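Quick notes on the structure that follows.
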Amino acid sequence: MSVIGILNCKMLQDEIVYLIENDPEITNVTVIANGEHHEFIQKLDEAGISYKLAPMIRSIPDVTKRYEDDLTGLSLIVWNVELGLHMRPKFLKEEVYKDLEIFAKKVDGIYLLYGLCGNVLGHVEDDFKEICPVVILRDSDGEIVDDCIGATLGGRRQYLNLLRSFHGVGTFIFTPMYEATTDEFFNYSKDRGGFTEEQMIEMNKFMFESAHYKQIARLETGLHYTKNTDESLKRFADTYNFEIFDLGGGNQKVFVDCWQKLKNIIVQKEAVKD
């Protein structure tokens with residue numbers, strides 16, 4: 001029996017539901033109830049996936065205190081991380097590394113659902129190789145993907161080719177989770193640093209215009225766990241006068257391949273131990 005931990009950006013919760021639905025080896029799912037889990041467990045409910053809630057990561061027993069008879073099959077612990085950390089790459093790295101140090105005591109391996117994310121997570125696998133196996137999202141060329149969009153497109157080459165196809169026109173690429181979290185991601189529905197919603201919108205407008213953003217590509221991921229995103233996307237597009245068009249090509253290959261890679265590492269580790 002093995003326990004795998006998933007430490008993930010909230011934007012990739014759909015991909016986790018997909019992995020759980022399509023891996024018959026997973027027999028137990030535990031979700032850390034840290035306040036970032038509500039949408040995720042709603043999707044688990046809708047998919048008919050059973051799970052347990054843990055009030056905090058520290059309530060999970062350490063590997064050294066685990067009894068093999070406690071669980072059967074492959075157990076999964078899912079820990080969603082706050083979305084807002086993307087705005088501050090330095091703090092993102094600090095939080096992810098801190099969480100990994102805690103998680104490493106609880107599981108046999110960690111699937112880190114992040115990309116480079118501001119070039120702060122490029123060495124994470126090496127940094128933890130003596131502590132616990134960690135697998136970050138890499139493409140078929142072995143390159144860490146830039147972000148969740150790059151992962152959904154299949155890797156860095158595919159991402160770069162797509163960006164080139166826009167011919168310099170600034171384009172947001174939105175997955176369904178991006179569509180559903182535009183308010184949260186761009187902060188204009190919250191009071192941050194004393195700024196009002198109107199001030200946040202004006203600052204965003206200045207930033208978008210400076211970067212020549214003019215349109216939004218809705219990326220079809222093949223996953224439909226996130227629903228009813230049209231209203232949120234339309235409000236965002238209307239606020240900033242963006243055009244919207246549909247974009248194909250999204251897939252789950254990177255996520256599935258990296259998941260299998262981690263499972264293989266754990267199997268090999270267990271074989272050596274035996």
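Ordered as shown in the structure tokens, chains take letters A, B, and onward, while each chain numbers its residues from 1 and ligands are numbered from 1 in the order shown.
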Report as a tab-separated table: every residue of range 67-179 of chain A with an atom at most 10 Å from range 261-273 of chain A, its closest pair of atoms, and their distance in Å to one decimal, counting only C-alpha atoms, with rows sorted by chain and ascending residue number.
```
residue	atom	partner	partner_atom	distance
A:Leu74	CA	A:Lys263	CA	9.7
A:Asp108	CA	A:Ile266	CA	6.8
A:Gly109	CA	A:Ile266	CA	6.7
A:Ile110	CA	A:Leu262	CA	7.7
A:Tyr111	CA	A:Leu262	CA	6.9
A:Cys132	CA	A:Ile266	CA	9.9
A:Pro133	CA	A:Ile265	CA	7.5
A:Val134	CA	A:Leu262	CA	7.5
A:Val135	CA	A:Leu262	CA	6.1
A:Ile136	CA	A:Leu262	CA	9.3
```
For this session: With a distance cut-off of 9 Å and only C-alpha atoms, select the neighbouring residues of Asp246 in chain A, excluding the residue or stretch itself and same-chain residues fewer than 5 positions from it, and output the selection as a ChimeraX atom specification.
Result: /A:216-220
Selected residues written out, C-alpha atoms, as a short mmCIF file (atom, residue, chain, number, x, y, z; two decimals), in the first residue's frame:
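Done, and the output landed in result-v8.cif:
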```cif
data_model
loop_
_atom_site.label_atom_id
_atom_site.label_comp_id
_atom_site.auth_asym_id
_atom_site.auth_seq_id
_atom_site.Cartn_x
_atom_site.Cartn_y
_atom_site.Cartn_z
CA ILE A 216 -9.20 35.76 -24.93
CA ALA A 217 -8.77 32.24 -26.27
CA ARG A 218 -11.04 29.68 -24.59
CA LEU A 219 -8.92 26.54 -24.47
CA GLU A 220 -10.86 23.29 -24.73
#
```
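Of the residues listed (A:Met11, A:Val124, A:Asn80, A:Pro61), A:Val124 shows the shortest atom-to-atom separation from Glu94 in chain A; distances use only C-alpha atoms.
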Exercise. Got a sec: who's within 12 Å of Ile102 in chain A, counting only C-alpha atoms, leaving out chain neighbours fewer than 6 positions off, as a count of residues only?
Worked result: 17
For this session: Just the residues within 8 Å of Val169 in chain A, please, counting only C-alpha atoms, with nothing from its chain fewer than 3 positions along; format it as a ChimeraX atom specification.
Result: /A:166,212-215
For this session: Check range 43-158 of chain A with DSSP on the backbone and list each residue it calls helix (DSSP H, G or I), as a PyMOL selection string.
Result: chain A and resi 43-46+57-59+63-65+83-87+89-103+124-127+148-153+156-158
Selected residues written out with C-alpha atoms, as a tab-separated table (two decimals), in the first residue's frame:
```
chain	number	residue	atom	x	y	z
A	43	LYS	CA	-16.62	18.19	-8.24
A	44	LEU	CA	-15.77	14.94	-6.48
A	45	ASP	CA	-19.37	14.76	-5.28
A	46	GLU	CA	-20.73	15.38	-8.77
A	57	ILE	CA	-2.25	18.26	6.98
A	58	ARG	CA	-0.77	17.64	10.43
A	59	SER	CA	-3.73	15.37	11.24
A	63	VAL	CA	4.85	7.50	7.19
A	64	THR	CA	6.81	6.07	10.14
A	65	LYS	CA	3.59	5.71	12.16
A	83	LEU	CA	-4.31	30.74	-5.91
A	84	GLY	CA	-3.13	34.25	-5.01
A	85	LEU	CA	0.46	33.12	-4.44
A	86	HIS	CA	1.02	33.28	-8.20
A	87	MET	CA	1.14	37.04	-7.95
A	89	PRO	CA	6.65	34.17	-7.11
A	90	LYS	CA	9.04	34.47	-4.17
A	91	PHE	CA	6.26	33.77	-1.69
A	92	LEU	CA	4.92	30.99	-3.93
A	93	LYS	CA	8.26	29.18	-3.71
A	94	GLU	CA	8.47	29.70	0.04
A	95	GLU	CA	4.96	28.36	0.60
A	96	VAL	CA	5.36	25.39	-1.75
A	97	TYR	CA	8.68	24.38	-0.20
A	98	LYS	CA	7.27	24.71	3.31
A	99	ASP	CA	4.26	22.58	2.37
A	100	LEU	CA	6.47	19.99	0.68
A	101	GLU	CA	8.58	19.64	3.81
A	102	ILE	CA	5.46	18.86	5.85
A	103	PHE	CA	3.92	16.63	3.16
A	124	VAL	CA	12.34	21.45	-6.65
A	125	GLU	CA	12.82	17.79	-7.60
A	126	ASP	CA	16.56	17.93	-6.88
A	127	ASP	CA	16.04	19.93	-3.71
A	148	CYS	CA	-0.88	25.09	-16.35
A	149	ILE	CA	-1.67	26.33	-19.86
A	150	GLY	CA	1.58	24.88	-21.16
A	151	ALA	CA	0.81	21.59	-19.43
A	152	THR	CA	-2.66	21.42	-20.99
A	153	LEU	CA	-1.25	22.14	-24.45
A	156	ARG	CA	6.78	24.10	-23.96
A	157	ARG	CA	7.15	23.64	-27.73
A	158	GLN	CA	3.41	23.50	-28.26
```
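For the pair CA of Gly118 in chain A and CA of Asp146 in chain A, the separation is 8.0 Å.
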List every residue of range 72-175 of chain A that DSSP, applied to the backbone of this structure, places in strand (DSSP E or B), and write the result as an mmCIF file with N, CA and C atoms, in the first residue's frame.
```cif
data_model
loop_
_atom_site.group_PDB
_atom_site.id
_atom_site.type_symbol
_atom_site.label_atom_id
_atom_site.label_comp_id
_atom_site.auth_asym_id
_atom_site.auth_seq_id
_atom_site.Cartn_x
_atom_site.Cartn_y
_atom_site.Cartn_z
ATOM 1 N N LEU A 74 -4.061 2.051 -3.438
ATOM 2 C CA LEU A 74 -3.310 3.300 -3.523
ATOM 3 C C LEU A 74 -4.143 4.423 -2.904
ATOM 4 N N SER A 75 -3.562 5.082 -1.916
ATOM 5 C CA SER A 75 -4.262 6.187 -1.255
ATOM 6 C C SER A 75 -3.726 7.516 -1.765
ATOM 7 N N LEU A 76 -4.627 8.477 -1.847
ATOM 8 C CA LEU A 76 -4.290 9.789 -2.378
ATOM 9 C C LEU A 76 -4.687 10.863 -1.378
ATOM 10 N N ILE A 77 -3.775 11.805 -1.146
ATOM 11 C CA ILE A 77 -4.063 12.963 -0.297
ATOM 12 C C ILE A 77 -3.912 14.211 -1.158
ATOM 13 N N VAL A 78 -4.965 15.003 -1.256
ATOM 14 C CA VAL A 78 -4.979 16.179 -2.129
ATOM 15 C C VAL A 78 -4.957 17.444 -1.281
ATOM 16 N N TRP A 79 -4.002 18.304 -1.588
ATOM 17 C CA TRP A 79 -3.803 19.541 -0.842
ATOM 18 C C TRP A 79 -3.792 20.703 -1.825
ATOM 19 N N ASN A 80 -4.902 21.441 -1.907
ATOM 20 C CA ASN A 80 -5.002 22.601 -2.791
ATOM 21 C C ASN A 80 -4.314 23.805 -2.161
ATOM 22 N N VAL A 81 -3.524 24.510 -2.960
ATOM 23 C CA VAL A 81 -2.781 25.674 -2.468
ATOM 24 C C VAL A 81 -3.458 26.959 -2.934
ATOM 25 N N GLY A 109 5.384 9.694 -1.891
ATOM 26 C CA GLY A 109 5.810 10.494 -3.028
ATOM 27 C C GLY A 109 4.831 11.638 -3.226
ATOM 28 N N ILE A 110 5.300 12.708 -3.862
ATOM 29 C CA ILE A 110 4.466 13.898 -4.039
ATOM 30 C C ILE A 110 4.396 14.276 -5.516
ATOM 31 N N TYR A 111 3.170 14.433 -5.985
ATOM 32 C CA TYR A 111 2.921 14.923 -7.340
ATOM 33 C C TYR A 111 2.670 16.416 -7.222
ATOM 34 N N LEU A 112 3.586 17.212 -7.749
ATOM 35 C CA LEU A 112 3.510 18.667 -7.635
ATOM 36 C C LEU A 112 2.911 19.238 -8.906
ATOM 37 N N LEU A 113 1.646 19.624 -8.836
ATOM 38 C CA LEU A 113 0.954 20.138 -10.008
ATOM 39 C C LEU A 113 1.187 21.635 -10.147
ATOM 40 N N VAL A 134 9.626 13.723 -5.535
ATOM 41 C CA VAL A 134 8.724 14.781 -5.997
ATOM 42 C C VAL A 134 8.776 14.796 -7.517
ATOM 43 N N VAL A 135 7.611 14.788 -8.145
ATOM 44 C CA VAL A 135 7.524 14.897 -9.603
ATOM 45 C C VAL A 135 6.716 16.132 -9.945
ATOM 46 N N ILE A 136 7.341 17.051 -10.677
ATOM 47 C CA ILE A 136 6.681 18.257 -11.151
ATOM 48 C C ILE A 136 6.249 18.026 -12.594
ATOM 49 N N ARG A 138 6.307 17.892 -16.276
ATOM 50 C CA ARG A 138 7.286 17.963 -17.363
ATOM 51 C C ARG A 138 6.651 17.447 -18.644
ATOM 52 N N ILE A 144 10.367 21.166 -17.763
ATOM 53 C CA ILE A 144 9.280 21.597 -16.892
ATOM 54 C C ILE A 144 8.400 22.578 -17.660
ATOM 55 N N GLY A 170 -1.688 40.458 -28.015
ATOM 56 C CA GLY A 170 -1.762 39.979 -26.643
ATOM 57 C C GLY A 170 -3.014 39.151 -26.426
ATOM 58 N N THR A 171 -2.838 37.905 -25.965
ATOM 59 C CA THR A 171 -3.965 36.977 -25.862
ATOM 60 C C THR A 171 -3.925 36.229 -24.539
ATOM 61 N N PHE A 172 -4.992 36.332 -23.775
ATOM 62 C CA PHE A 172 -5.146 35.480 -22.598
ATOM 63 C C PHE A 172 -5.639 34.123 -23.067
ATOM 64 N N ILE A 173 -5.068 33.061 -22.523
ATOM 65 C CA ILE A 173 -5.535 31.715 -22.810
ATOM 66 C C ILE A 173 -6.182 31.191 -21.534
ATOM 67 N N PHE A 174 -7.466 30.931 -21.614
ATOM 68 C CA PHE A 174 -8.230 30.542 -20.426
ATOM 69 C C PHE A 174 -8.723 29.104 -20.528
#
```
Exercise. Between A:Leu116, A:Leu53, A:Gln260, A:Tyr225, which has the minimum distance to Ala33 in chain A (counting only C-alpha atoms)?
Worked result: A:Leu53
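When CA of Ser2 in chain A is paired with CA of Gly73 in chain A, their separation reads 7.2 Å.
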Exercise. Do you know which residues are at most 9 Å from Ile201 in chain A counting only C-alpha atoms, after dropping those on the same chain fewer than 3 positions away, and could you put them as a ChimeraX atom specification?
Worked result: /A:186-189,196-198,204-206,239-240
Problem set entry | Spatial neighbours of Leu223 in chain A, 8 Å, only C-alpha atoms, chain gap at least 6 places, as a ChimeraX atom specification | /A:14-15,18
Store the residues picked out above, limited to C-alpha atoms, as a compact mmCIF listing (two decimals), in the first residue's frame.
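Final file, selection-v5.txt:
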```txt
# COMPACT_ATOMS: atom_id res chain seq x y z
CA ASP A 14 -10.15 19.38 -12.76
CA GLU A 15 -7.08 17.42 -13.82
CA TYR A 18 -9.79 13.22 -14.08
```
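Each of A:Ile49, A:Leu19, A:Met207, A:Ala54 was compared to Gly35 in chain A using only C-alpha atoms, and A:Ala54 turns out to be the nearest.
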Problem set entry | Selection near range 227-233 of chain A, 10 Å with only C-alpha atoms, sequence-local residues under 2 positions removed, as a PyMOL selection string | chain A and resi 43+174+176-183+216+218+224-225+235-239+244
Selected residues written out, C-alpha atoms, as a CSV table (one decimal), in the first residue's frame:
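And here's selection-v8.csv as it stands now:
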```csv
chain,number,residue,atom,x,y,z
A,43,LYS,CA,-16.6,18.2,-8.2
A,174,PHE,CA,-8.2,30.5,-20.4
A,176,PRO,CA,-12.5,26.5,-17.7
A,177,MET,CA,-10.9,27.1,-14.3
A,178,TYR,CA,-9.5,30.4,-15.4
A,179,GLU,CA,-12.9,31.4,-16.7
A,180,ALA,CA,-14.4,30.6,-13.3
A,181,THR,CA,-11.8,32.4,-11.3
A,182,THR,CA,-11.2,35.7,-13.2
A,183,ASP,CA,-12.4,37.7,-10.2
A,216,ILE,CA,-9.2,35.8,-24.9
A,218,ARG,CA,-11.0,29.7,-24.6
A,224,HIS,CA,-16.0,19.5,-18.2
A,225,TYR,CA,-16.0,19.4,-14.4
A,235,ARG,CA,-18.1,40.0,-17.5
A,236,PHE,CA,-14.3,39.9,-17.7
A,237,ALA,CA,-14.2,40.3,-21.4
A,238,ASP,CA,-16.8,43.2,-21.3
A,239,THR,CA,-14.9,44.9,-18.5
A,244,ILE,CA,-13.4,35.9,-27.2
```
